[in-house]
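Trainee: The following file, structure_23.csv, comprises CSV, C-alpha atoms:
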chain,number,residue,atom,x,y,z
A,119,MET,CA,43.3,-19.8,-74.9
A,120,ARG,CA,44.5,-23.3,-74.0
A,121,THR,CA,48.1,-24.0,-74.1
A,122,PRO,CA,49.3,-26.9,-76.2
A,123,ALA,CA,50.3,-28.7,-73.0
A,124,ALA,CA,46.8,-28.4,-71.7
A,125,VAL,CA,45.4,-29.7,-74.9
A,126,LEU,CA,47.8,-32.6,-74.9
A,127,ARG,CA,46.9,-33.3,-71.2
A,128,GLY,CA,43.2,-33.3,-72.0
A,129,LEU,CA,43.8,-35.7,-74.9
A,130,PHE,CA,45.8,-37.9,-72.7
A,131,LEU,CA,43.2,-38.0,-70.0
A,132,ARG,CA,40.6,-39.0,-72.6
A,133,ALA,CA,42.8,-41.6,-74.2
A,134,PHE,CA,43.8,-43.2,-71.0
A,135,PRO,CA,40.8,-43.2,-68.7
A,136,LYS,CA,41.2,-43.8,-65.0
A,137,SER,CA,42.5,-47.3,-64.5
A,138,LEU,CA,44.0,-47.6,-61.1
A,139,TRP,CA,46.7,-50.2,-60.6
A,140,VAL,CA,46.9,-51.2,-57.0
A,141,TYR,CA,49.7,-52.3,-54.8
A,142,HIS,CA,48.4,-54.0,-51.7
A,143,CYS,CA,50.3,-53.5,-48.5
A,144,ASN,CA,49.5,-55.3,-45.3
A,145,ALA,CA,50.8,-53.0,-42.6
A,146,GLY,CA,49.9,-55.4,-39.8
A,147,ALA,CA,46.4,-56.6,-40.6
A,148,CYS,CA,44.9,-59.8,-39.3
A,149,ASN,CA,44.4,-60.9,-43.0
A,150,GLY,CA,40.6,-60.4,-42.8
A,151,CYS,CA,40.8,-57.3,-45.1
A,152,ASP,CA,43.3,-59.0,-47.4
A,153,ILE,CA,40.9,-61.9,-48.0
A,154,GLU,CA,38.1,-59.4,-48.8
A,155,VAL,CA,40.4,-57.6,-51.2
A,156,ILE,CA,40.9,-60.9,-53.0
A,157,ASP,CA,37.1,-61.4,-53.0
A,158,VAL,CA,36.8,-58.1,-54.9
A,159,LEU,CA,38.8,-59.5,-57.7
A,160,THR,CA,36.6,-62.6,-58.2
A,161,PRO,CA,34.0,-62.6,-61.0
A,162,TYR,CA,31.2,-61.8,-58.6
A,163,TYR,CA,32.5,-58.4,-57.6
A,164,ASP,CA,35.0,-58.0,-60.5
A,165,ALA,CA,36.9,-54.9,-59.7
A,166,GLU,CA,38.8,-55.4,-63.0
A,167,ARG,CA,35.9,-54.0,-64.9
A,168,PHE,CA,36.9,-50.6,-63.4
A,169,GLY,CA,40.5,-51.1,-64.5
A,170,ILE,CA,41.6,-52.1,-61.0
A,171,ARG,CA,44.5,-54.5,-61.0
A,172,LEU,CA,46.8,-55.8,-58.4
A,173,VAL,CA,50.4,-55.3,-59.3
A,174,GLY,CA,53.5,-56.9,-57.8
A,175,SER,CA,55.6,-53.8,-57.5
A,176,PRO,CA,54.9,-50.3,-56.0
A,177,ARG,CA,56.7,-48.8,-59.0
A,178,HIS,CA,53.9,-50.0,-61.3
A,179,ALA,CA,51.1,-48.8,-59.1
A,180,ASP,CA,48.9,-45.8,-58.9
A,181,VAL,CA,47.3,-46.7,-55.6
A,182,LEU,CA,48.8,-47.9,-52.4
A,183,LEU,CA,46.2,-50.0,-50.6
A,184,VAL,CA,46.9,-50.2,-46.9
A,185,SER,CA,45.2,-52.7,-44.7
A,186,GLY,CA,45.8,-53.0,-41.0
A,187,PRO,CA,47.1,-50.7,-38.3
A,188,VAL,CA,50.6,-49.4,-38.9
A,189,THR,CA,52.9,-51.2,-36.6
A,190,ARG,CA,56.2,-49.9,-35.4
A,191,GLN,CA,58.0,-52.6,-37.3
A,192,VAL,CA,56.4,-51.9,-40.6
A,193,LEU,CA,56.5,-48.1,-40.4
A,194,PRO,CA,59.8,-47.5,-42.3
A,195,HIS,CA,58.9,-50.1,-44.9
A,196,LEU,CA,55.5,-48.5,-45.4
A,197,VAL,CA,57.1,-45.1,-45.9
A,198,ARG,CA,59.6,-46.5,-48.4
A,199,LEU,CA,56.7,-48.2,-50.3
A,200,TRP,CA,54.8,-44.9,-50.5
A,201,GLU,CA,58.0,-43.1,-51.7
A,202,ALA,CA,58.4,-45.8,-54.4
A,203,VAL,CA,54.9,-45.3,-55.9
A,204,PRO,CA,55.2,-42.7,-58.7
A,205,GLU,CA,53.3,-39.5,-58.7
A,206,PRO,CA,50.3,-39.0,-59.0
A,207,LYS,CA,49.4,-41.5,-56.3
A,208,LEU,CA,46.5,-42.3,-54.1
A,209,VAL,CA,46.4,-44.1,-50.8
A,210,PHE,CA,43.4,-46.2,-49.8
A,211,ALA,CA,42.9,-47.3,-46.2
A,212,ILE,CA,40.9,-50.5,-46.0
A,213,GLY,CA,39.4,-51.7,-42.8
A,214,GLY,CA,38.8,-50.1,-39.4
A,215,CYS,CA,42.4,-50.6,-38.5
A,216,ALA,CA,43.8,-48.7,-41.4
A,217,CYS,CA,41.2,-46.0,-41.1
A,218,GLY,CA,41.7,-45.2,-37.4
A,219,GLY,CA,43.8,-47.8,-35.7
A,220,GLY,CA,40.8,-50.1,-34.9
A,221,ILE,CA,41.0,-51.8,-31.5
A,222,TRP,CA,44.8,-51.3,-31.6
A,223,HIS,CA,44.6,-47.5,-31.8
A,224,ASP,CA,46.4,-47.1,-28.4
A,225,THR,CA,48.6,-50.2,-28.3
A,226,TYR,CA,52.3,-49.7,-27.6
A,227,SER,CA,53.5,-51.4,-30.8
A,228,VAL,CA,51.1,-49.6,-33.2
A,229,ILE,CA,51.5,-46.1,-34.6
A,230,GLY,CA,47.8,-45.8,-35.4
A,231,GLY,CA,45.8,-45.8,-38.6
A,232,ALA,CA,47.4,-45.3,-42.0
A,233,ASP,CA,46.4,-41.6,-41.8
A,234,LYS,CA,48.9,-41.0,-39.0
A,235,VAL,CA,51.7,-41.9,-41.5
A,236,LEU,CA,50.5,-41.3,-45.1
A,237,PRO,CA,48.1,-38.8,-46.7
A,238,VAL,CA,45.1,-41.2,-47.1
A,239,ASN,CA,42.7,-40.2,-49.9
A,240,TYR,CA,40.0,-42.8,-49.4
A,241,TYR,CA,38.8,-44.5,-46.3
A,242,ILE,CA,36.9,-47.8,-46.5
A,243,PRO,CA,35.9,-48.8,-43.0
A,244,GLY,CA,34.6,-52.1,-41.9
A,245,CYS,CA,35.9,-55.0,-39.9
A,246,PRO,CA,36.5,-56.4,-42.5
A,247,PRO,CA,34.7,-54.3,-45.1
A,248,ARG,CA,32.3,-56.4,-47.2
A,249,PRO,CA,33.4,-56.9,-50.8
A,250,GLU,CA,30.5,-54.7,-51.9
A,251,ALA,CA,31.8,-52.0,-49.6
A,252,ILE,CA,35.3,-52.2,-51.1
A,253,VAL,CA,33.8,-52.1,-54.7
A,254,TYR,CA,31.8,-49.1,-53.6
A,255,GLY,CA,34.9,-47.4,-52.2
A,256,VAL,CA,36.7,-48.0,-55.5
A,257,ALA,CA,33.7,-46.7,-57.5
A,258,LEU,CA,33.6,-43.6,-55.2
A,259,ALA,CA,37.3,-43.0,-56.0
A,260,LEU,CA,36.5,-43.2,-59.7
A,261,GLY,CA,33.6,-40.9,-59.3
A,262,LEU,CA,30.9,-43.4,-60.3
A,263,VAL,CA,28.8,-43.3,-57.2
A,264,PRO,CA,27.9,-40.5,-54.7
A,265,GLN,CA,29.2,-40.6,-51.2
A,266,LYS,CA,26.5,-42.0,-48.8
A,267,VAL,CA,27.8,-41.1,-45.4
A,268,ALA,CA,28.0,-37.7,-43.8
A,269,ALA,CA,28.8,-36.5,-40.3
A,270,ARG,CA,25.7,-37.0,-38.1
A,271,HIS,CA,24.6,-34.8,-35.3
A,272,LEU,CA,21.8,-36.2,-33.2
A,273,SER,CA,20.1,-34.4,-30.4
A,274,ASP,CA,17.2,-35.4,-28.1
A,275,GLY,CA,15.7,-31.8,-28.3
A,276,PHE,CA,16.0,-31.3,-24.6
A,277,LEU,CA,18.8,-28.7,-25.0
A,278,GLU,CA,16.4,-26.3,-26.6
A,279,GLU,CA,14.0,-26.8,-23.8
A,280,TYR,CA,16.7,-26.3,-21.2
A,281,ARG,CA,17.6,-23.0,-22.9
A,282,ARG,CA,14.0,-21.9,-22.8
A,283,LEU,CA,13.9,-22.6,-19.1
A,284,ASN,CA,17.3,-21.0,-18.5
A,285,PRO,CA,17.3,-17.8,-20.6
A,286,THR,CA,20.4,-16.6,-18.8
A,287,LEU,CA,22.4,-19.3,-20.4
A,288,PRO,CA,24.6,-17.9,-23.2
A,289,ALA,CA,23.4,-19.0,-26.6
A,290,GLU,CA,26.6,-20.8,-27.6
A,291,ALA,CA,26.9,-22.7,-24.3
A,292,PRO,CA,27.3,-26.5,-24.8
B,36,MET,CA,45.3,-87.2,-83.0
B,37,ALA,CA,47.0,-85.0,-80.4
B,38,PRO,CA,45.9,-81.6,-81.8
B,39,LEU,CA,42.3,-82.9,-82.0
B,40,ARG,CA,42.3,-83.9,-78.4
B,41,PHE,CA,43.8,-80.6,-77.5
B,42,LEU,CA,41.1,-78.7,-79.4
B,43,ARG,CA,38.4,-80.8,-77.8
B,44,ALA,CA,39.7,-80.1,-74.4
B,45,LYS,CA,39.8,-76.4,-75.1
B,46,TYR,CA,36.2,-76.6,-76.4
B,47,ARG,CA,35.1,-78.3,-73.3
B,48,GLU,CA,36.9,-75.7,-71.2
B,49,ALA,CA,35.3,-72.8,-73.0
B,50,ARG,CA,31.9,-74.3,-72.7
B,51,LEU,CA,32.4,-74.9,-69.0
B,52,CYS,CA,33.5,-71.3,-68.5
B,53,LEU,CA,30.7,-69.8,-70.6
B,54,SER,CA,27.9,-71.9,-69.2
B,55,ALA,CA,28.0,-69.9,-66.0
B,56,GLY,CA,26.8,-66.9,-67.8
B,57,ARG,CA,27.2,-63.5,-66.3
B,58,VAL,CA,27.6,-63.7,-62.5
B,59,THR,CA,28.9,-60.2,-61.7
B,60,LEU,CA,26.7,-58.5,-59.2
B,61,PRO,CA,25.4,-54.9,-59.9
B,62,SER,CA,27.2,-54.0,-56.7
B,63,PRO,CA,28.4,-50.4,-56.6
B,64,TYR,CA,25.5,-49.0,-58.7
B,65,GLU,CA,22.7,-50.7,-56.7
B,66,ALA,CA,22.9,-51.0,-53.0
B,67,ALA,CA,23.3,-54.7,-52.1
B,68,ASP,CA,21.1,-56.0,-49.4
B,69,PRO,CA,23.2,-57.5,-46.6
B,70,PRO,CA,22.0,-60.8,-45.0
B,71,PRO,CA,19.6,-60.5,-42.1
B,72,GLY,CA,21.4,-59.9,-38.8
B,73,PHE,CA,24.2,-58.1,-40.5
B,74,ARG,CA,25.7,-55.4,-38.3
B,75,GLY,CA,26.5,-52.2,-40.1
B,76,LEU,CA,27.0,-48.6,-38.9
B,77,PRO,CA,25.6,-48.1,-35.4
B,78,SER,CA,22.8,-45.6,-35.1
B,79,VAL,CA,21.5,-43.9,-32.0
B,80,ASP,CA,18.0,-42.8,-31.1
B,81,ALA,CA,18.9,-39.7,-29.0
B,82,SER,CA,15.5,-39.4,-27.5
B,83,ARG,CA,15.8,-42.8,-25.9
B,84,CYS,CA,19.4,-42.4,-24.6
B,85,ILE,CA,19.7,-41.9,-20.8
B,86,GLY,CA,23.4,-41.0,-21.0
B,87,CYS,CA,24.5,-43.9,-18.9
B,88,GLY,CA,27.7,-44.4,-20.9
B,89,GLY,CA,27.4,-48.2,-21.0
B,90,CYS,CA,28.2,-48.2,-24.7
B,91,ALA,CA,31.4,-46.2,-24.1
B,92,SER,CA,32.6,-48.6,-21.4
B,93,VAL,CA,32.1,-51.7,-23.4
B,94,CYS,CA,33.2,-50.3,-26.8
B,95,THR,CA,36.1,-52.5,-28.0
B,96,PRO,CA,38.0,-49.8,-30.0
B,97,GLY,CA,37.0,-47.2,-27.4
B,98,LEU,CA,35.6,-44.9,-30.0
B,99,ILE,CA,32.9,-43.2,-27.9
B,100,ALA,CA,34.1,-40.1,-26.1
B,101,ILE,CA,31.9,-38.6,-23.5
B,102,ASP,CA,32.0,-34.9,-22.7
B,103,ASP,CA,29.7,-34.2,-19.8
B,104,ASP,CA,30.9,-30.8,-18.5
B,105,GLY,CA,27.7,-29.0,-18.7
B,106,PRO,CA,24.0,-29.5,-18.7
B,107,HIS,CA,24.1,-32.1,-21.5
B,108,ALA,CA,26.3,-35.0,-22.3
B,109,ARG,CA,27.8,-35.1,-25.7
B,110,PHE,CA,28.8,-38.5,-27.0
B,111,THR,CA,31.3,-38.3,-29.9
B,112,TRP,CA,31.5,-41.5,-31.9
B,113,SER,CA,34.6,-41.7,-34.2
B,114,LEU,CA,33.1,-44.5,-36.3
B,115,ALA,CA,36.2,-44.8,-38.5
B,116,ARG,CA,37.7,-47.4,-36.2
B,117,CYS,CA,34.4,-49.2,-35.4
B,118,ILE,CA,34.7,-53.0,-35.7
B,119,TYR,CA,30.9,-53.5,-35.7
B,120,CYS,CA,30.9,-55.9,-32.8
B,121,GLY,CA,27.5,-54.7,-31.7
B,122,ARG,CA,28.4,-54.6,-28.0
B,123,CYS,CA,27.0,-51.1,-27.7
B,124,ALA,CA,23.6,-52.2,-29.0
B,125,GLU,CA,23.8,-55.3,-26.7
B,126,VAL,CA,24.5,-53.4,-23.5
B,127,CYS,CA,22.2,-50.4,-24.1
B,128,PRO,CA,19.5,-50.7,-21.4
B,129,GLU,CA,17.1,-48.4,-23.4
B,130,GLU,CA,17.8,-50.0,-26.7
B,131,ALA,CA,18.7,-46.6,-28.1
B,132,VAL,CA,21.7,-48.0,-30.0
B,133,THR,CA,20.9,-50.2,-32.9
B,134,MET,CA,23.1,-51.6,-35.6
B,135,SER,CA,21.9,-50.4,-39.0
B,136,PRO,CA,22.5,-52.4,-42.1
B,137,THR,CA,24.5,-49.5,-43.7
B,138,PHE,CA,27.9,-50.7,-44.8
B,139,GLU,CA,28.7,-48.5,-47.9
B,140,THR,CA,30.6,-46.1,-45.7
B,141,ALA,CA,33.6,-45.3,-47.9
B,142,THR,CA,34.6,-41.7,-47.8
B,143,SER,CA,37.3,-39.3,-48.7
B,144,ASP,CA,36.8,-37.3,-45.6
B,145,ILE,CA,37.3,-39.0,-42.3
B,146,SER,CA,35.1,-36.5,-40.4
B,147,ALA,CA,32.1,-37.9,-42.3
B,148,LEU,CA,32.4,-40.9,-40.1
B,149,THR,CA,31.8,-39.0,-36.8
B,150,MET,CA,28.5,-39.0,-35.1
B,151,THR,CA,27.7,-36.7,-32.1
B,152,VAL,CA,24.8,-37.4,-29.8
B,153,ASP,CA,23.6,-34.7,-27.5
B,154,VAL,CA,21.6,-35.9,-24.5
B,155,PHE,CA,20.2,-33.5,-22.0
B,156,MET,CA,20.9,-34.6,-18.5
B,157,GLY,CA,20.0,-33.0,-15.2
B,158,SER,CA,23.0,-31.1,-14.0
B,159,CYS,CA,24.3,-30.6,-10.5
B,160,SER,CA,23.3,-27.3,-9.1
B,161,ARG,CA,26.7,-26.8,-7.5
B,162,CYS,CA,29.3,-28.1,-10.0
B,163,GLY,CA,27.3,-27.9,-13.2
B,164,ARG,CA,28.2,-31.3,-14.3
B,165,CYS,CA,25.8,-33.9,-15.6
B,166,TYR,CA,23.8,-35.5,-12.8
B,167,GLY,CA,24.4,-39.2,-12.5
B,168,THR,CA,23.0,-41.9,-10.3
B,169,GLN,CA,25.0,-44.4,-8.3
B,170,THR,CA,25.0,-46.9,-11.1
B,171,PRO,CA,23.8,-46.2,-14.6
B,172,LEU,CA,20.8,-48.4,-14.2
B,173,ASP,CA,19.5,-47.0,-11.0
B,174,PRO,CA,16.3,-45.0,-10.8
B,175,PRO,CA,15.5,-42.2,-10.9
B,176,HIS,CA,15.7,-41.5,-14.5
B,177,PRO,CA,18.3,-38.7,-14.9
B,178,ARG,CA,15.8,-36.6,-16.6
B,179,ALA,CA,13.4,-36.8,-13.7
B,180,HIS,CA,15.2,-33.8,-12.2
B,181,HIS,CA,14.6,-31.7,-15.2
B,182,GLN,CA,11.0,-32.6,-15.4
B,183,ALA,CA,10.4,-32.0,-11.7
B,184,ARG,CA,12.6,-28.9,-11.7
B,185,VAL,CA,14.1,-29.8,-8.3
B,186,ALA,CA,17.6,-28.6,-7.4
B,187,ALA,CA,19.8,-31.6,-7.9
B,188,ILE,CA,23.3,-32.1,-6.6
B,189,CYS,CA,25.6,-34.9,-7.9
B,190,ASP,CA,26.8,-37.8,-5.8
B,191,ARG,CA,30.1,-36.1,-5.0
B,192,TYR,CA,28.4,-33.2,-3.1
B,193,ARG,CA,25.8,-35.4,-1.6
B,194,GLU,CA,28.4,-37.7,-0.1
B,195,ALA,CA,30.3,-34.7,1.2
B,196,ALA,CA,27.1,-33.3,2.7
B,197,SER,CA,26.1,-36.5,4.5
Could I get this file's structure written as structure tokens?
Mentor:
Amino acid sequence: MRTPAAVLRGLFLRAFPKSLWVYHCNAGACNGCDIEVIDVLTPYYDAERFGIRLVGSPRHADVLLVSGPVTRQVLPHLVRLWEAVPEPKLVFAIGGCACGGGIWHDTYSVIGGADKVLPVNYYIPGCPPRPEAIVYGVALALGLVPQKVAARHLSDGFLEEYRRLNPTLPAEAP
Amino acid sequence: MAPLRFLRAKYREARLCLSAGRVTLPSPYEAADPPPGFRGLPSVDASRCIGCGGCASVCTPGLIAIDDDGPHARFTWSLARCIYCGRCAEVCPEEAVTMSPTFETATSDISALTMTVDVFMGSCSRCGRCYGTQTPLDPPHPRAHHQARVAAICDRYREAAS
């Protein structure tokens, strides 16, 4: 038996389908990713057909879009921005810098990627990511496309042969 | 005549805007082909890798971690912070690293962007670490030991013995 609240919630979700309003925050990026984000809003890639819209205030947003490595200077402001976004909220990390720190991952003035500071929901790597890659990431967040990458484990097959030649080696040895 | 002029201008504007037709690309639903020479996610042919570590030493974001304590070297690529510069592919003497055209790499789980490459190396019979030559490009091929099944000691012990 569904409670009235659940029924109302289901109705609400059907009446207001997922349309993510995005607040874009440059946490120290070189502007490459920011330019690609603007590309995504042009008619050629047209993220607005998915309900994506850039808004001017974090209080209007559902998604905090972080580009660039989180620098020490911007850290308190980034946290304030994240606190200003009303629940439920998502965090997208755009670009190699926001995903893992990029080439600045161990620099003195950089905290690291956005995931060191905020709970990142979707990672869109690239340096900068192609507009298609950003559109793909957005569509992935909306559940329109399947995820295409998975952790890869590659081996040259010699390890098995080594184990065959050295049967005394424990099975779980590296 | 002002309203007429205004309407005519609006009509021209509308015709100009509509004449382009539909330009939106079918992007997220169909994989878009990147231009030739585009550098996407690096991929490694493990059977060609000789474990020289050249890729790790030139990698700009330093994302290739090498663990060579044992009979095989494990290269862990944390591709989240890859900048796709292609230096790993450029420096690889065996052309084991290639830049694939894959760019649709968005994920909700950062661990999907890791790649581990296990390469069997001859290991030193004394310390157990991977056997290396003086420089990465020196013969013999590190695997020659394994194939010849001769006892190998690494340079550290060889220098100590001589």
Trainee: Quote the spacing between CA of Val154 (chain B) and CA of Ala108 (chain B) in Å to one decimal place.
Mentor: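 Calculated distance between CA of Val154 (chain B) and CA of Ala108 (chain B) is 5.3 Å.
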Trainee: Taking all atoms listed in the file into account, which of B:Thr140, B:Ala44, B:Pro128, B:Ser92 comes nearest Ile252 (chain A)?
Mentor: B:Thr140
Trainee: Identify all chain A residues at most 9 Å from chain B by counting all atoms listed in the file; ligands do not count. Present them as a count of residues only.
Mentor: 57
Trainee: So what do you get for CA of Ile170 (chain A) versus CA of Ala49 (chain B), distance-wise?
Mentor: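 Calculated distance between CA of Ile170 (chain A) and CA of Ala49 (chain B) is 24.7 Å.
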Trainee: Counting only C-alpha atoms, which residue out of A:Leu193, A:Ala124, A:Leu260, A:Ile212 sits closest to Lys234 (chain A)?
Mentor: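 Using only C-alpha atoms, Lys234 (chain A) sits closest to A:Leu193.
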Trainee: Which protein, DNA or RNA residues have an atom at most 12 Å from (57.5, -49.9, -46.4), counting all atoms listed in the file? List them as number ranges by chain.
Mentor: A: 141-146, 175-176, 182, 184, 188-203, 232, 235-236
Trainee: One decimal, Å: what's the distance from CA of Leu172 (chain A) over to CA of Phe73 (chain B), could you say?
Mentor: 28.9 Å
Trainee: Would you mind completing region 176-207 of chain A so that it carries N, CA and C atoms, and writing it out as a PDB file, in the frame of the given file?
Mentor:
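Written output follows (rebuild36.pdb):
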ATOM      1  N   PRO A 176      55.443 -51.687 -56.242  1.00  0.00           N
ATOM      2  CA  PRO A 176      54.900 -50.300 -56.000  1.00  0.00           C
ATOM      3  C   PRO A 176      55.244 -49.383 -57.158  1.00  0.00           C
ATOM      4  N   ARG A 177      56.279 -49.673 -57.911  1.00  0.00           N
ATOM      5  CA  ARG A 177      56.700 -48.800 -59.000  1.00  0.00           C
ATOM      6  C   ARG A 177      55.707 -48.845 -60.178  1.00  0.00           C
ATOM      7  N   HIS A 178      54.901 -49.920 -60.220  1.00  0.00           N
ATOM      8  CA  HIS A 178      53.900 -50.000 -61.300  1.00  0.00           C
ATOM      9  C   HIS A 178      52.557 -49.480 -60.869  1.00  0.00           C
ATOM     10  N   ALA A 179      52.442 -49.050 -59.624  1.00  0.00           N
ATOM     11  CA  ALA A 179      51.100 -48.800 -59.100  1.00  0.00           C
ATOM     12  C   ALA A 179      50.736 -47.342 -59.095  1.00  0.00           C
ATOM     13  N   ASP A 180      49.420 -47.115 -59.087  1.00  0.00           N
ATOM     14  CA  ASP A 180      48.900 -45.800 -58.900  1.00  0.00           C
ATOM     15  C   ASP A 180      48.340 -45.605 -57.490  1.00  0.00           C
ATOM     16  N   VAL A 181      47.943 -46.733 -56.904  1.00  0.00           N
ATOM     17  CA  VAL A 181      47.300 -46.700 -55.600  1.00  0.00           C
ATOM     18  C   VAL A 181      48.025 -47.594 -54.643  1.00  0.00           C
ATOM     19  N   LEU A 182      48.248 -47.068 -53.452  1.00  0.00           N
ATOM     20  CA  LEU A 182      48.800 -47.900 -52.400  1.00  0.00           C
ATOM     21  C   LEU A 182      47.608 -48.259 -51.477  1.00  0.00           C
ATOM     22  N   LEU A 183      47.325 -49.547 -51.403  1.00  0.00           N
ATOM     23  CA  LEU A 183      46.200 -50.000 -50.600  1.00  0.00           C
ATOM     24  C   LEU A 183      46.733 -50.507 -49.292  1.00  0.00           C
ATOM     25  N   VAL A 184      46.401 -49.830 -48.218  1.00  0.00           N
ATOM     26  CA  VAL A 184      46.900 -50.200 -46.900  1.00  0.00           C
ATOM     27  C   VAL A 184      45.853 -50.865 -46.101  1.00  0.00           C
ATOM     28  N   SER A 185      46.142 -52.037 -45.600  1.00  0.00           N
ATOM     29  CA  SER A 185      45.200 -52.700 -44.700  1.00  0.00           C
ATOM     30  C   SER A 185      45.937 -52.907 -43.364  1.00  0.00           C
ATOM     31  N   GLY A 186      45.219 -52.753 -42.287  1.00  0.00           N
ATOM     32  CA  GLY A 186      45.800 -53.000 -41.000  1.00  0.00           C
ATOM     33  C   GLY A 186      46.358 -51.787 -40.325  1.00  0.00           C
ATOM     34  N   PRO A 187      46.493 -51.832 -38.995  1.00  0.00           N
ATOM     35  CA  PRO A 187      47.100 -50.700 -38.300  1.00  0.00           C
ATOM     36  C   PRO A 187      48.602 -50.679 -38.611  1.00  0.00           C
ATOM     37  N   VAL A 188      49.169 -49.485 -38.623  1.00  0.00           N
ATOM     38  CA  VAL A 188      50.600 -49.400 -38.900  1.00  0.00           C
ATOM     39  C   VAL A 188      51.389 -49.711 -37.683  1.00  0.00           C
ATOM     40  N   THR A 189      52.076 -50.829 -37.728  1.00  0.00           N
ATOM     41  CA  THR A 189      52.900 -51.200 -36.600  1.00  0.00           C
ATOM     42  C   THR A 189      54.222 -50.538 -36.618  1.00  0.00           C
ATOM     43  N   ARG A 190      54.889 -50.522 -35.482  1.00  0.00           N
ATOM     44  CA  ARG A 190      56.200 -49.900 -35.400  1.00  0.00           C
ATOM     45  C   ARG A 190      57.196 -50.550 -36.332  1.00  0.00           C
ATOM     46  N   GLN A 191      57.075 -51.892 -36.417  1.00  0.00           N
ATOM     47  CA  GLN A 191      58.000 -52.600 -37.300  1.00  0.00           C
ATOM     48  C   GLN A 191      57.878 -52.284 -38.723  1.00  0.00           C
ATOM     49  N   VAL A 192      56.642 -52.075 -39.163  1.00  0.00           N
ATOM     50  CA  VAL A 192      56.400 -51.900 -40.600  1.00  0.00           C
ATOM     51  C   VAL A 192      56.486 -50.485 -41.048  1.00  0.00           C
ATOM     52  N   LEU A 193      56.564 -49.569 -40.097  1.00  0.00           N
ATOM     53  CA  LEU A 193      56.500 -48.100 -40.400  1.00  0.00           C
ATOM     54  C   LEU A 193      57.557 -47.712 -41.457  1.00  0.00           C
ATOM     55  N   PRO A 194      58.856 -47.992 -41.255  1.00  0.00           N
ATOM     56  CA  PRO A 194      59.800 -47.500 -42.300  1.00  0.00           C
ATOM     57  C   PRO A 194      59.610 -48.127 -43.627  1.00  0.00           C
ATOM     58  N   HIS A 195      59.150 -49.395 -43.648  1.00  0.00           N
ATOM     59  CA  HIS A 195      58.900 -50.100 -44.900  1.00  0.00           C
ATOM     60  C   HIS A 195      57.722 -49.460 -45.639  1.00  0.00           C
ATOM     61  N   LEU A 196      56.712 -49.103 -44.856  1.00  0.00           N
ATOM     62  CA  LEU A 196      55.500 -48.500 -45.400  1.00  0.00           C
ATOM     63  C   LEU A 196      55.856 -47.152 -46.078  1.00  0.00           C
ATOM     64  N   VAL A 197      56.678 -46.378 -45.385  1.00  0.00           N
ATOM     65  CA  VAL A 197      57.100 -45.100 -45.900  1.00  0.00           C
ATOM     66  C   VAL A 197      57.901 -45.249 -47.192  1.00  0.00           C
ATOM     67  N   ARG A 198      58.781 -46.261 -47.193  1.00  0.00           N
ATOM     68  CA  ARG A 198      59.600 -46.500 -48.400  1.00  0.00           C
ATOM     69  C   ARG A 198      58.688 -46.917 -49.563  1.00  0.00           C
ATOM     70  N   LEU A 199      57.660 -47.744 -49.260  1.00  0.00           N
ATOM     71  CA  LEU A 199      56.700 -48.200 -50.300  1.00  0.00           C
ATOM     72  C   LEU A 199      56.015 -46.953 -50.891  1.00  0.00           C
ATOM     73  N   TRP A 200      55.575 -46.072 -50.008  1.00  0.00           N
ATOM     74  CA  TRP A 200      54.800 -44.900 -50.500  1.00  0.00           C
ATOM     75  C   TRP A 200      55.738 -44.019 -51.332  1.00  0.00           C
ATOM     76  N   GLU A 201      57.029 -43.915 -50.953  1.00  0.00           N
ATOM     77  CA  GLU A 201      58.000 -43.100 -51.700  1.00  0.00           C
ATOM     78  C   GLU A 201      58.226 -43.764 -53.097  1.00  0.00           C
ATOM     79  N   ALA A 202      58.082 -45.102 -53.160  1.00  0.00           N
ATOM     80  CA  ALA A 202      58.400 -45.800 -54.400  1.00  0.00           C
ATOM     81  C   ALA A 202      57.248 -45.684 -55.421  1.00  0.00           C
ATOM     82  N   VAL A 203      56.037 -45.382 -54.956  1.00  0.00           N
ATOM     83  CA  VAL A 203      54.900 -45.300 -55.900  1.00  0.00           C
ATOM     84  C   VAL A 203      55.063 -43.945 -56.652  1.00  0.00           C
ATOM     85  N   PRO A 204      55.057 -43.975 -57.983  1.00  0.00           N
ATOM     86  CA  PRO A 204      55.200 -42.700 -58.700  1.00  0.00           C
ATOM     87  C   PRO A 204      54.043 -41.807 -58.608  1.00  0.00           C
ATOM     88  N   GLU A 205      54.315 -40.515 -58.708  1.00  0.00           N
ATOM     89  CA  GLU A 205      53.300 -39.500 -58.700  1.00  0.00           C
ATOM     90  C   GLU A 205      52.497 -39.554 -60.018  1.00  0.00           C
ATOM     91  N   PRO A 206      51.204 -39.232 -60.093  1.00  0.00           N
ATOM     92  CA  PRO A 206      50.300 -39.000 -59.000  1.00  0.00           C
ATOM     93  C   PRO A 206      49.860 -40.279 -58.332  1.00  0.00           C
ATOM     94  N   LYS A 207      49.746 -40.251 -57.033  1.00  0.00           N
ATOM     95  CA  LYS A 207      49.400 -41.500 -56.300  1.00  0.00           C
ATOM     96  C   LYS A 207      48.282 -41.260 -55.363  1.00  0.00           C
TER      97      LYS A 207
END
